[in-house]
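Novice: For reference, the structure I am asking about is given below.
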Amino acid sequence: MATQRMTASGAAGPAAFPGGAELFRLDPAVAHLNHGSFGAVPLPVSRVREGLAAEADADPDAFFLAVPGRLAEARRRIAAHLGADPEGIALVSNATEAANLALGALDLGPEDEVLVTDHGYGTVTGAAARRARVATVALDPDLPDEDAVAAAVLAAVTPRTKVVLLDAISSPTARTIAGPALLTALRERGVVTVVDGAHAPGMLAEPLAGEPDFWFGNLHKWAYAPAGSAVLAVARRHRDRVPAPVPSWEDEHGFPRAVEYRATTDYTGLLAAPEGLDLLAALGAAKVRTHNAELVAYGAGLLAGLPDLTPLPYDGSLAMRSLRLPRRLARTHPEAAALREHIAARLGCRVLVWPWPTGGGIRVSAQIYNRPEEYERLAGGLRELLA
């Protein structure tokens, strides 16, 4: 349990994570309560990346000729942190790219059915829609727990279902969907499972739990890596089928090297990515997760005290929470974006506002650079703004 302290308003909140804020170069005038969208890069990781960029500028030949081997070493270090087979993962740019690679390996046709949920990330679901018929499970945001979510997904599986594409943790509603029990049940039904684990590395102790056929996760969110850093994990029986995104000089080696190497591009983020996971381990990954979960619980509790916000069911171990907005707000993507920017301009707070046809929601995150006072600021400002 994190140490409690009294904030300026007299409310109790978790104490600051020792040295947490000093690890980042974030603008202190802004309350950055949206780590779940883009992450933030700690200074030690940024410095490693800057050193790699300087190295490439000083001797491009030496740098790029060494890239395949250095990627393999980075992959080994990352795999050790994730509990993955280093020959079963490939380093890629982001979850959307990984989704395209995974679905491209499955030889889907227009009559094949991919089952998704209405909590899925738009571009990931779009990758499925480009290749096959998509069936969507409507998951009520108020479903009480993981078991209810699993029951709804399994009830939607039909003889036409070839693939099920699920979030490990849904982006808008911040809830667990692809838990190990659901993945096991789908495997027993002979369905290929593809898991969008965008928020899993760094936030989950066992990000690949459940042994999905394909899994991908961003490293730039909770694993402290630079942007453009993600992982695609593939079960052994599928690895020979994963297409390289472009013709590669590493094609003869197959997966994962052919997927990772793309000629002359910027590899500095991927090569620096292991430093983020090393830093998380040095800080104490379990300690960071506990702190962040307690801090976001404090912030969500303040927001739940507002008359117009309704908390959604949540997993108390996660560092993100979502609440429903009044029914009149954020019904569409443009409305949600407008409210998000209004909150940023008026309150100096960065949050995610997500759309829903009957009224959207607001998601807050917690990271070691955040303070209880920032959530108080958001709650106080929203009380007036929503009124």
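The way I read the labels, and the way they are meant: chains A, B, ... in the order of the structure tokens, residue 1 as the first residue of every chain, and ligand 1 as the first ligand shown, with later ones counted on from there.
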Skip A:Ala181 itself and residues of its chain fewer than 5 positions away, then list as a list in words all residues within 10 Å of it, counting only C-alpha atoms.

Specialist: Glu146, Asp147, Ala150, Leu186, Arg187, Ala209 and Gly210 of chain A

Novice: Which of stretch 67-238 of chain A counts as alpha helix (DSSP H) under DSSP, as a compact mmCIF listing (two decimals) with all heavy atoms, in the first residue's frame please?

Specialist:
```
# COMPACT_ATOMS: atom_id res chain seq x y z
N VAL A 67 22.56 -2.98 -37.74
CA VAL A 67 21.18 -2.95 -37.23
C VAL A 67 20.58 -4.34 -37.03
O VAL A 67 19.98 -4.62 -35.98
CB VAL A 67 20.29 -2.07 -38.13
CG1 VAL A 67 18.81 -2.42 -37.96
CG2 VAL A 67 20.50 -0.60 -37.78
N PRO A 68 20.65 -5.28 -37.99
CA PRO A 68 19.98 -6.58 -37.77
C PRO A 68 20.44 -7.28 -36.49
O PRO A 68 19.62 -7.79 -35.73
CB PRO A 68 20.36 -7.38 -39.01
CG PRO A 68 20.57 -6.34 -40.08
CD PRO A 68 21.22 -5.20 -39.36
N GLY A 69 21.73 -7.28 -36.25
CA GLY A 69 22.24 -7.91 -35.04
C GLY A 69 21.82 -7.18 -33.78
O GLY A 69 21.50 -7.80 -32.76
N ARG A 70 21.81 -5.85 -33.84
CA ARG A 70 21.42 -5.08 -32.67
C ARG A 70 19.93 -5.21 -32.39
O ARG A 70 19.51 -5.22 -31.22
CB ARG A 70 21.84 -3.62 -32.85
CG ARG A 70 23.35 -3.45 -32.89
CD ARG A 70 23.77 -2.04 -33.17
NE ARG A 70 23.65 -1.18 -32.00
CZ ARG A 70 24.17 0.04 -31.92
NH1 ARG A 70 24.88 0.52 -32.94
NH2 ARG A 70 24.03 0.77 -30.84
N LEU A 71 19.12 -5.32 -33.43
CA LEU A 71 17.70 -5.58 -33.22
C LEU A 71 17.49 -6.92 -32.54
O LEU A 71 16.65 -7.06 -31.65
CB LEU A 71 16.95 -5.56 -34.56
CG LEU A 71 16.70 -4.20 -35.20
CD1 LEU A 71 16.09 -4.38 -36.59
CD2 LEU A 71 15.76 -3.34 -34.34
N ALA A 72 18.26 -7.93 -32.97
CA ALA A 72 18.13 -9.25 -32.35
C ALA A 72 18.48 -9.19 -30.86
O ALA A 72 17.81 -9.83 -30.03
CB ALA A 72 19.01 -10.25 -33.08
N GLU A 73 19.51 -8.43 -30.51
CA GLU A 73 19.88 -8.29 -29.11
C GLU A 73 18.80 -7.54 -28.33
O GLU A 73 18.45 -7.91 -27.20
CB GLU A 73 21.22 -7.57 -28.99
CG GLU A 73 21.66 -7.28 -27.56
CD GLU A 73 21.77 -8.53 -26.69
OE1 GLU A 73 21.98 -9.64 -27.23
OE2 GLU A 73 21.64 -8.39 -25.46
N ALA A 74 18.26 -6.46 -28.93
CA ALA A 74 17.17 -5.73 -28.27
C ALA A 74 15.97 -6.64 -28.07
O ALA A 74 15.31 -6.61 -27.01
CB ALA A 74 16.78 -4.51 -29.11
N ARG A 75 15.69 -7.46 -29.06
CA ARG A 75 14.56 -8.39 -28.96
C ARG A 75 14.76 -9.38 -27.81
O ARG A 75 13.83 -9.69 -27.06
CB ARG A 75 14.39 -9.14 -30.28
CG ARG A 75 13.25 -10.10 -30.26
CD ARG A 75 12.93 -10.77 -31.58
NE ARG A 75 13.84 -10.50 -32.67
CZ ARG A 75 14.79 -11.33 -33.08
NH1 ARG A 75 14.99 -12.48 -32.44
NH2 ARG A 75 15.54 -11.02 -34.12
N ARG A 76 15.97 -9.88 -27.65
CA ARG A 76 16.24 -10.81 -26.56
C ARG A 76 16.02 -10.16 -25.20
O ARG A 76 15.46 -10.77 -24.28
CB ARG A 76 17.67 -11.36 -26.67
CG ARG A 76 17.84 -12.43 -27.74
CD ARG A 76 19.19 -13.11 -27.64
NE ARG A 76 20.27 -12.25 -28.10
CZ ARG A 76 20.67 -12.17 -29.38
NH1 ARG A 76 20.07 -12.90 -30.30
NH2 ARG A 76 21.66 -11.38 -29.72
N ARG A 77 16.47 -8.93 -25.07
CA ARG A 77 16.29 -8.23 -23.80
C ARG A 77 14.82 -7.97 -23.51
O ARG A 77 14.35 -8.14 -22.37
CB ARG A 77 17.06 -6.91 -23.82
CG ARG A 77 18.57 -7.08 -23.82
CD ARG A 77 19.27 -5.75 -24.07
NE ARG A 77 18.98 -4.76 -23.02
CZ ARG A 77 19.32 -3.47 -23.13
NH1 ARG A 77 19.94 -3.02 -24.21
NH2 ARG A 77 19.03 -2.64 -22.14
N ILE A 78 14.07 -7.57 -24.53
CA ILE A 78 12.64 -7.31 -24.36
C ILE A 78 11.89 -8.60 -24.03
O ILE A 78 11.03 -8.63 -23.15
CB ILE A 78 12.08 -6.64 -25.63
CG1 ILE A 78 12.64 -5.21 -25.75
CG2 ILE A 78 10.55 -6.63 -25.62
CD1 ILE A 78 12.40 -4.58 -27.11
N ALA A 79 12.22 -9.68 -24.73
CA ALA A 79 11.56 -10.96 -24.49
C ALA A 79 11.74 -11.42 -23.05
O ALA A 79 10.81 -11.96 -22.43
CB ALA A 79 12.09 -12.01 -25.45
N ALA A 80 12.92 -11.18 -22.49
CA ALA A 80 13.17 -11.59 -21.11
C ALA A 80 12.24 -10.87 -20.14
O ALA A 80 11.76 -11.46 -19.16
CB ALA A 80 14.63 -11.33 -20.75
N HIS A 81 11.97 -9.60 -20.39
CA HIS A 81 11.06 -8.84 -19.53
C HIS A 81 9.61 -9.29 -19.71
O HIS A 81 8.84 -9.27 -18.74
CB HIS A 81 11.17 -7.35 -19.83
CG HIS A 81 12.41 -6.70 -19.29
ND1 HIS A 81 12.62 -6.49 -17.95
CD2 HIS A 81 13.51 -6.20 -19.92
CE1 HIS A 81 13.78 -5.89 -17.77
NE2 HIS A 81 14.35 -5.71 -18.95
N LEU A 82 9.22 -9.65 -20.93
CA LEU A 82 7.83 -10.01 -21.21
C LEU A 82 7.52 -11.46 -20.92
O LEU A 82 6.35 -11.87 -20.96
CB LEU A 82 7.49 -9.70 -22.67
CG LEU A 82 7.63 -8.25 -23.14
CD1 LEU A 82 7.23 -8.13 -24.60
CD2 LEU A 82 6.78 -7.32 -22.27
N ALA A 95 0.94 -1.04 -32.53
CA ALA A 95 -0.05 -2.11 -32.48
C ALA A 95 -0.84 -2.22 -33.78
O ALA A 95 -1.20 -3.34 -34.19
CB ALA A 95 -0.99 -1.88 -31.30
N THR A 96 -1.12 -1.12 -34.43
CA THR A 96 -1.88 -1.16 -35.67
C THR A 96 -1.11 -1.91 -36.75
O THR A 96 -1.67 -2.75 -37.47
CB THR A 96 -2.22 0.26 -36.15
OG1 THR A 96 -3.00 0.92 -35.14
CG2 THR A 96 -3.02 0.23 -37.44
N GLU A 97 0.18 -1.64 -36.86
CA GLU A 97 1.01 -2.37 -37.82
C GLU A 97 1.03 -3.85 -37.46
O GLU A 97 0.92 -4.72 -38.34
CB GLU A 97 2.43 -1.82 -37.82
CG GLU A 97 3.34 -2.55 -38.79
CD GLU A 97 4.79 -2.15 -38.67
OE1 GLU A 97 5.20 -1.64 -37.61
OE2 GLU A 97 5.52 -2.35 -39.65
N ALA A 98 1.17 -4.16 -36.19
CA ALA A 98 1.20 -5.56 -35.77
C ALA A 98 -0.10 -6.27 -36.09
O ALA A 98 -0.10 -7.43 -36.50
CB ALA A 98 1.49 -5.63 -34.27
N ALA A 99 -1.22 -5.59 -35.90
CA ALA A 99 -2.52 -6.19 -36.23
C ALA A 99 -2.59 -6.53 -37.71
O ALA A 99 -3.08 -7.61 -38.10
CB ALA A 99 -3.65 -5.23 -35.86
N ASN A 100 -2.10 -5.65 -38.56
CA ASN A 100 -2.09 -5.92 -40.00
C ASN A 100 -1.23 -7.12 -40.34
O ASN A 100 -1.60 -7.96 -41.17
CB ASN A 100 -1.60 -4.68 -40.75
CG ASN A 100 -2.70 -3.67 -41.00
OD1 ASN A 100 -3.40 -3.75 -42.00
ND2 ASN A 100 -2.87 -2.73 -40.10
N LEU A 101 -0.07 -7.24 -39.69
CA LEU A 101 0.81 -8.38 -39.93
C LEU A 101 0.16 -9.68 -39.47
O LEU A 101 0.21 -10.70 -40.17
CB LEU A 101 2.14 -8.18 -39.23
CG LEU A 101 3.04 -7.08 -39.79
CD1 LEU A 101 4.20 -6.80 -38.83
CD2 LEU A 101 3.58 -7.47 -41.16
N ALA A 102 -0.46 -9.65 -38.29
CA ALA A 102 -1.09 -10.86 -37.77
C ALA A 102 -2.24 -11.32 -38.66
O ALA A 102 -2.33 -12.50 -39.04
CB ALA A 102 -1.60 -10.60 -36.35
N LEU A 103 -3.10 -10.40 -39.03
CA LEU A 103 -4.24 -10.77 -39.86
C LEU A 103 -3.81 -11.16 -41.26
O LEU A 103 -4.42 -12.01 -41.91
CB LEU A 103 -5.24 -9.61 -39.89
CG LEU A 103 -5.92 -9.35 -38.53
CD1 LEU A 103 -6.56 -7.97 -38.51
CD2 LEU A 103 -6.96 -10.41 -38.22
N GLY A 104 -2.72 -10.55 -41.73
CA GLY A 104 -2.19 -10.91 -43.04
C GLY A 104 -1.63 -12.31 -43.08
O GLY A 104 -1.49 -12.89 -44.17
N GLY A 122 -10.14 1.44 -33.23
CA GLY A 122 -10.68 1.60 -34.58
C GLY A 122 -9.79 1.10 -35.69
O GLY A 122 -10.24 0.39 -36.60
N THR A 123 -8.50 1.43 -35.65
CA THR A 123 -7.63 1.03 -36.75
C THR A 123 -7.32 -0.46 -36.72
O THR A 123 -7.06 -1.08 -37.75
CB THR A 123 -6.30 1.82 -36.73
OG1 THR A 123 -5.66 1.65 -35.46
CG2 THR A 123 -6.56 3.30 -36.98
N VAL A 124 -7.35 -1.07 -35.53
CA VAL A 124 -7.14 -2.51 -35.42
C VAL A 124 -8.35 -3.26 -35.96
O VAL A 124 -8.22 -4.21 -36.75
CB VAL A 124 -6.85 -2.90 -33.96
CG1 VAL A 124 -6.84 -4.41 -33.78
CG2 VAL A 124 -5.51 -2.31 -33.52
N THR A 125 -9.54 -2.82 -35.60
CA THR A 125 -10.75 -3.41 -36.17
C THR A 125 -10.80 -3.17 -37.67
O THR A 125 -11.22 -4.04 -38.44
CB THR A 125 -11.99 -2.80 -35.49
OG1 THR A 125 -11.95 -3.08 -34.09
CG2 THR A 125 -13.27 -3.37 -36.08
N GLY A 126 -10.33 -2.00 -38.11
CA GLY A 126 -10.30 -1.70 -39.54
C GLY A 126 -9.38 -2.63 -40.30
O GLY A 126 -9.65 -2.96 -41.46
N ALA A 127 -8.30 -3.09 -39.66
CA ALA A 127 -7.41 -4.04 -40.32
C ALA A 127 -8.13 -5.34 -40.61
O ALA A 127 -7.90 -5.98 -41.65
CB ALA A 127 -6.19 -4.30 -39.43
N ALA A 128 -9.02 -5.76 -39.72
CA ALA A 128 -9.81 -6.97 -39.96
C ALA A 128 -10.83 -6.74 -41.06
O ALA A 128 -11.03 -7.60 -41.93
CB ALA A 128 -10.51 -7.40 -38.67
N ALA A 129 -11.46 -5.57 -41.06
CA ALA A 129 -12.50 -5.28 -42.05
C ALA A 129 -11.94 -5.23 -43.47
O ALA A 129 -12.68 -5.44 -44.44
CB ALA A 129 -13.18 -3.97 -41.71
N GLU A 146 -15.34 -9.57 -15.58
CA GLU A 146 -14.69 -10.27 -16.68
C GLU A 146 -15.47 -11.50 -17.13
O GLU A 146 -15.50 -11.83 -18.31
CB GLU A 146 -13.27 -10.65 -16.25
CG GLU A 146 -12.38 -11.11 -17.36
CD GLU A 146 -10.96 -11.37 -16.88
OE1 GLU A 146 -10.54 -10.74 -15.90
OE2 GLU A 146 -10.28 -12.22 -17.51
N ASP A 147 -16.12 -12.18 -16.19
CA ASP A 147 -16.91 -13.35 -16.54
C ASP A 147 -18.08 -12.97 -17.45
O ASP A 147 -18.41 -13.70 -18.40
CB ASP A 147 -17.44 -14.04 -15.29
CG ASP A 147 -16.35 -14.73 -14.49
OD1 ASP A 147 -15.27 -14.99 -15.07
OD2 ASP A 147 -16.56 -15.01 -13.31
N ALA A 148 -18.73 -11.86 -17.16
CA ALA A 148 -19.85 -11.42 -18.00
C ALA A 148 -19.38 -11.04 -19.39
O ALA A 148 -20.07 -11.32 -20.39
CB ALA A 148 -20.55 -10.24 -17.33
N VAL A 149 -18.21 -10.43 -19.48
CA VAL A 149 -17.64 -10.09 -20.79
C VAL A 149 -17.36 -11.37 -21.57
O VAL A 149 -17.70 -11.49 -22.76
CB VAL A 149 -16.35 -9.27 -20.61
CG1 VAL A 149 -15.61 -9.13 -21.94
CG2 VAL A 149 -16.68 -7.89 -20.04
N ALA A 150 -16.73 -12.34 -20.92
CA ALA A 150 -16.40 -13.60 -21.59
C ALA A 150 -17.66 -14.31 -22.08
O ALA A 150 -17.69 -14.85 -23.20
CB ALA A 150 -15.62 -14.50 -20.65
N ALA A 151 -18.70 -14.32 -21.27
CA ALA A 151 -19.95 -14.98 -21.67
C ALA A 151 -20.54 -14.32 -22.91
O ALA A 151 -21.04 -15.02 -23.82
CB ALA A 151 -20.95 -14.93 -20.51
N ALA A 152 -20.47 -12.99 -22.99
CA ALA A 152 -21.01 -12.30 -24.15
C ALA A 152 -20.22 -12.62 -25.41
O ALA A 152 -20.79 -12.82 -26.49
CB ALA A 152 -21.02 -10.79 -23.90
N VAL A 153 -18.90 -12.70 -25.29
CA VAL A 153 -18.07 -13.02 -26.45
C VAL A 153 -18.33 -14.44 -26.91
O VAL A 153 -18.54 -14.70 -28.11
CB VAL A 153 -16.58 -12.81 -26.12
CG1 VAL A 153 -15.70 -13.33 -27.25
CG2 VAL A 153 -16.28 -11.33 -25.87
N LEU A 154 -18.34 -15.40 -25.99
CA LEU A 154 -18.53 -16.79 -26.37
C LEU A 154 -19.90 -17.02 -26.98
O LEU A 154 -20.05 -17.85 -27.89
CB LEU A 154 -18.33 -17.68 -25.14
CG LEU A 154 -16.90 -17.75 -24.60
CD1 LEU A 154 -16.85 -18.51 -23.29
CD2 LEU A 154 -15.96 -18.38 -25.63
N ALA A 155 -20.89 -16.29 -26.52
CA ALA A 155 -22.23 -16.45 -27.08
C ALA A 155 -22.30 -15.99 -28.53
O ALA A 155 -23.20 -16.42 -29.27
CB ALA A 155 -23.24 -15.66 -26.23
N PRO A 180 -7.13 -14.96 -19.61
CA PRO A 180 -6.73 -16.34 -19.92
C PRO A 180 -7.89 -17.31 -20.04
O PRO A 180 -7.88 -18.20 -20.89
CB PRO A 180 -5.81 -16.69 -18.75
CG PRO A 180 -5.26 -15.38 -18.28
CD PRO A 180 -6.38 -14.41 -18.47
N ALA A 181 -8.91 -17.19 -19.19
CA ALA A 181 -10.04 -18.13 -19.24
C ALA A 181 -10.78 -18.02 -20.57
O ALA A 181 -11.16 -19.03 -21.18
CB ALA A 181 -10.98 -17.88 -18.07
N LEU A 182 -11.01 -16.80 -21.05
CA LEU A 182 -11.70 -16.62 -22.32
C LEU A 182 -10.85 -17.15 -23.47
O LEU A 182 -11.37 -17.81 -24.39
CB LEU A 182 -12.02 -15.14 -22.53
CG LEU A 182 -12.67 -14.76 -23.87
CD1 LEU A 182 -13.90 -15.59 -24.16
CD2 LEU A 182 -12.99 -13.26 -23.91
N LEU A 183 -9.54 -16.90 -23.45
CA LEU A 183 -8.68 -17.40 -24.52
C LEU A 183 -8.67 -18.92 -24.55
O LEU A 183 -8.68 -19.53 -25.63
CB LEU A 183 -7.27 -16.84 -24.35
CG LEU A 183 -7.12 -15.33 -24.54
CD1 LEU A 183 -5.70 -14.89 -24.21
CD2 LEU A 183 -7.49 -14.91 -25.95
N THR A 184 -8.66 -19.54 -23.39
CA THR A 184 -8.71 -21.01 -23.34
C THR A 184 -10.01 -21.53 -23.92
O THR A 184 -10.02 -22.50 -24.71
CB THR A 184 -8.55 -21.48 -21.88
OG1 THR A 184 -7.27 -21.08 -21.39
CG2 THR A 184 -8.67 -23.00 -21.79
N ALA A 185 -11.12 -20.90 -23.57
CA ALA A 185 -12.42 -21.33 -24.08
C ALA A 185 -12.50 -21.18 -25.60
O ALA A 185 -13.07 -22.04 -26.30
CB ALA A 185 -13.54 -20.54 -23.41
N LEU A 186 -11.93 -20.13 -26.14
CA LEU A 186 -11.94 -19.94 -27.59
C LEU A 186 -11.05 -20.97 -28.27
O LEU A 186 -11.40 -21.49 -29.34
CB LEU A 186 -11.47 -18.51 -27.92
CG LEU A 186 -12.45 -17.40 -27.54
CD1 LEU A 186 -11.76 -16.03 -27.62
CD2 LEU A 186 -13.67 -17.42 -28.46
N ARG A 187 -9.90 -21.24 -27.68
CA ARG A 187 -9.00 -22.25 -28.26
C ARG A 187 -9.69 -23.61 -28.30
O ARG A 187 -9.56 -24.36 -29.27
CB ARG A 187 -7.71 -22.31 -27.46
CG ARG A 187 -6.67 -23.25 -28.03
CD ARG A 187 -5.29 -23.01 -27.43
NE ARG A 187 -5.30 -23.07 -25.99
CZ ARG A 187 -5.11 -22.02 -25.19
NH1 ARG A 187 -4.91 -20.82 -25.70
NH2 ARG A 187 -5.12 -22.16 -23.88
N GLU A 188 -10.45 -23.94 -27.26
CA GLU A 188 -11.17 -25.22 -27.23
C GLU A 188 -12.23 -25.30 -28.31
O GLU A 188 -12.63 -26.39 -28.72
CB GLU A 188 -11.80 -25.40 -25.85
CG GLU A 188 -10.77 -25.65 -24.75
CD GLU A 188 -11.38 -25.62 -23.37
OE1 GLU A 188 -12.55 -25.20 -23.23
OE2 GLU A 188 -10.67 -26.00 -22.41
```

Novice: Of the candidates A:Asp278, A:Glu252, A:Glu87, A:Asp315, which one gets nearest to A:Ser170 if we count only C-alpha atoms?

Specialist: A:Asp315

Novice: Pick out the residues sitting within 10 Å of A:Leu306, and hand them over as a PDB file with C-alpha atoms, in the first residue's frame; count only C-alpha atoms, and ignore anything fewer than 2 positions along from it in its own chain.

Specialist:
```pdb
ATOM      1  CA  GLY A 301     -12.952   8.425  -6.887  1.00  0.00           C
ATOM      2  CA  LEU A 302     -12.849  12.217  -7.072  1.00  0.00           C
ATOM      3  CA  LEU A 303     -14.510  12.161 -10.483  1.00  0.00           C
ATOM      4  CA  ALA A 304     -17.139   9.687  -9.307  1.00  0.00           C
ATOM      5  CA  ASP A 308     -22.872  13.902 -13.806  1.00  0.00           C
ATOM      6  CA  LEU A 309     -20.179  11.183 -13.952  1.00  0.00           C
ATOM      7  CA  THR A 310     -20.821   7.461 -13.470  1.00  0.00           C
ATOM      8  CA  ALA A 379     -12.466  17.162 -10.765  1.00  0.00           C
ATOM      9  CA  GLY A 380     -12.929  20.728  -9.597  1.00  0.00           C
ATOM     10  CA  LEU A 382     -15.170  19.451 -14.518  1.00  0.00           C
ATOM     11  CA  ARG A 383     -17.759  20.199 -11.855  1.00  0.00           C
ATOM     12  CA  GLU A 384     -18.095  23.702 -13.258  1.00  0.00           C
ATOM     13  CA  LEU A 386     -20.167  20.033 -17.032  1.00  0.00           C
TER      14      LEU A 386
END
```

Novice: Interatomic distance between atom CA of A:Asp240 and atom CA of A:Ile89?

Specialist: 12.3 Å

Novice: I'd like the contact shell of A:Tyr267 - 9 Å cut-off, only C-alpha atoms, skipping same-chain residues fewer than 6 positions apart - returned as a list in words.

Specialist: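 My reading of the contact set: Leu52, Ala53, Phe64, Val67, Leu71, Gly228 and Tyr261 of chain A.
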
Novice: Residues of stretch 214-301 of chain A in strand (DSSP E or B) according to DSSP, as a PyMOL selection string?

Specialist: chain A and resi 214-218+230-234

Novice: Do you know which residues are at most 10 Å from A:Gly316 counting only C-alpha atoms, after dropping those on the same chain fewer than 5 positions away, and could you put them as a list of chain:residue names?

Specialist: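 The neighbour list is A:Arg175, A:Thr290, A:Ala293, A:Glu294, A:Val296, A:Ala297, A:Arg321.
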
Novice: Name all residues at most 8 Å from A:Val116 (count only C-alpha atoms; drop same-chain ones fewer than 4 positions away) and give them as a PyMOL selection string.

Specialist: chain A and resi 120+125+134-137+164-166

Novice: With a distance cut-off of 9 Å and only C-alpha atoms, select the neighbouring residues of A:Ser46, excluding the residue or stretch itself and same-chain residues fewer than 5 positions from it, and output the selection as a ChimeraX atom specification.

Specialist: /A:41,51,225-226,269,272

Novice: Please produce a file of the residues just selected, as a PDB file, in the first residue's frame, where the atoms kept are N, CA, C and O atoms.

Specialist:
```pdb
ATOM      1  N   VAL A  41       8.252   9.421 -22.443  1.00  0.00           N
ATOM      2  CA  VAL A  41       9.559   8.757 -22.439  1.00  0.00           C
ATOM      3  C   VAL A  41      10.410   9.297 -21.294  1.00  0.00           C
ATOM      4  O   VAL A  41      10.665  10.505 -21.216  1.00  0.00           O
ATOM      5  N   GLY A  51      21.699   9.196 -28.176  1.00  0.00           N
ATOM      6  CA  GLY A  51      23.036   8.683 -28.449  1.00  0.00           C
ATOM      7  C   GLY A  51      23.060   7.797 -29.682  1.00  0.00           C
ATOM      8  O   GLY A  51      24.006   7.841 -30.483  1.00  0.00           O
ATOM      9  N   ALA A 225       9.158   3.034 -23.333  1.00  0.00           N
ATOM     10  CA  ALA A 225       9.980   3.062 -24.545  1.00  0.00           C
ATOM     11  C   ALA A 225       9.621   4.286 -25.390  1.00  0.00           C
ATOM     12  O   ALA A 225       8.566   4.904 -25.209  1.00  0.00           O
ATOM     13  N   PRO A 226      10.471   4.653 -26.342  1.00  0.00           N
ATOM     14  CA  PRO A 226      10.126   5.735 -27.257  1.00  0.00           C
ATOM     15  C   PRO A 226       8.956   5.348 -28.158  1.00  0.00           C
ATOM     16  O   PRO A 226       8.649   4.164 -28.345  1.00  0.00           O
ATOM     17  N   GLY A 269      14.337   4.132 -31.902  1.00  0.00           N
ATOM     18  CA  GLY A 269      13.333   3.864 -30.879  1.00  0.00           C
ATOM     19  C   GLY A 269      13.316   2.407 -30.471  1.00  0.00           C
ATOM     20  O   GLY A 269      13.276   2.076 -29.274  1.00  0.00           O
ATOM     21  N   ALA A 272      16.396   1.506 -28.464  1.00  0.00           N
ATOM     22  CA  ALA A 272      16.377   2.064 -27.109  1.00  0.00           C
ATOM     23  C   ALA A 272      15.282   1.456 -26.247  1.00  0.00           C
ATOM     24  O   ALA A 272      15.287   1.618 -25.024  1.00  0.00           O
TER      25      ALA A 272
END
```

Novice: At what distance in Å, to one decimal, does atom CA of A:Arg236 lie from atom CA of A:Thr158?

Specialist: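 Between atom CA of A:Thr158 and atom CA of A:Arg236 the gap is 25.9 Å.
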
Novice: Hey, which bits of stretch 136-192 of chain A sit within 7 Å of stretch 196-206 of chain A, and for each residue what's the closest pair of atoms and how far apart in Å (one decimal), counting only C-alpha atoms, rows by chain and increasing number, as JSON lines?

Specialist:
```
{"residue": "A:Leu166", "atom": "CA", "partner": "A:Asp196", "partner_atom": "CA", "distance": 6.0}
{"residue": "A:Asp167", "atom": "CA", "partner": "A:Asp196", "partner_atom": "CA", "distance": 4.5}
{"residue": "A:Ala168", "atom": "CA", "partner": "A:Gly197", "partner_atom": "CA", "distance": 4.9}
{"residue": "A:Ile169", "atom": "CA", "partner": "A:His199", "partner_atom": "CA", "distance": 6.3}
```

Novice: Output N, CA and C atoms for every residue in the selection just made, as an mmCIF file, in the first residue's frame.

Specialist:
```
data_model
loop_
_atom_site.group_PDB
_atom_site.id
_atom_site.type_symbol
_atom_site.label_atom_id
_atom_site.label_comp_id
_atom_site.auth_asym_id
_atom_site.auth_seq_id
_atom_site.Cartn_x
_atom_site.Cartn_y
_atom_site.Cartn_z
ATOM 1 N N LEU A 166 -9.548 -9.520 -29.957
ATOM 2 C CA LEU A 166 -9.984 -8.941 -28.690
ATOM 3 C C LEU A 166 -8.893 -8.076 -28.072
ATOM 4 N N ASP A 167 -9.314 -7.085 -27.305
ATOM 5 C CA ASP A 167 -8.379 -6.295 -26.510
ATOM 6 C C ASP A 167 -8.008 -7.049 -25.247
ATOM 7 N N ALA A 168 -6.741 -7.001 -24.860
ATOM 8 C CA ALA A 168 -6.375 -7.452 -23.516
ATOM 9 C C ALA A 168 -6.996 -6.497 -22.511
ATOM 10 N N ILE A 169 -6.761 -5.198 -22.719
ATOM 11 C CA ILE A 169 -7.382 -4.128 -21.933
ATOM 12 C C ILE A 169 -7.977 -3.158 -22.942
#
```

Novice: Given the choices A:Gly361, A:Pro311, A:Gly39, A:Pro86, which gets closest to A:Ser229 if the distance is worked out from only C-alpha atoms?

Specialist: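 Comparing A:Gly361, A:Pro311, A:Gly39, A:Pro86 against A:Ser229, the winner is A:Gly39.
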
Novice: Would you work out the distance separating atom CA of A:Asn94 from atom CA of A:Ile343, expressed in Å to one decimal?

Specialist: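 Calculated distance between atom CA of A:Asn94 and atom CA of A:Ile343 is 27.4 Å.
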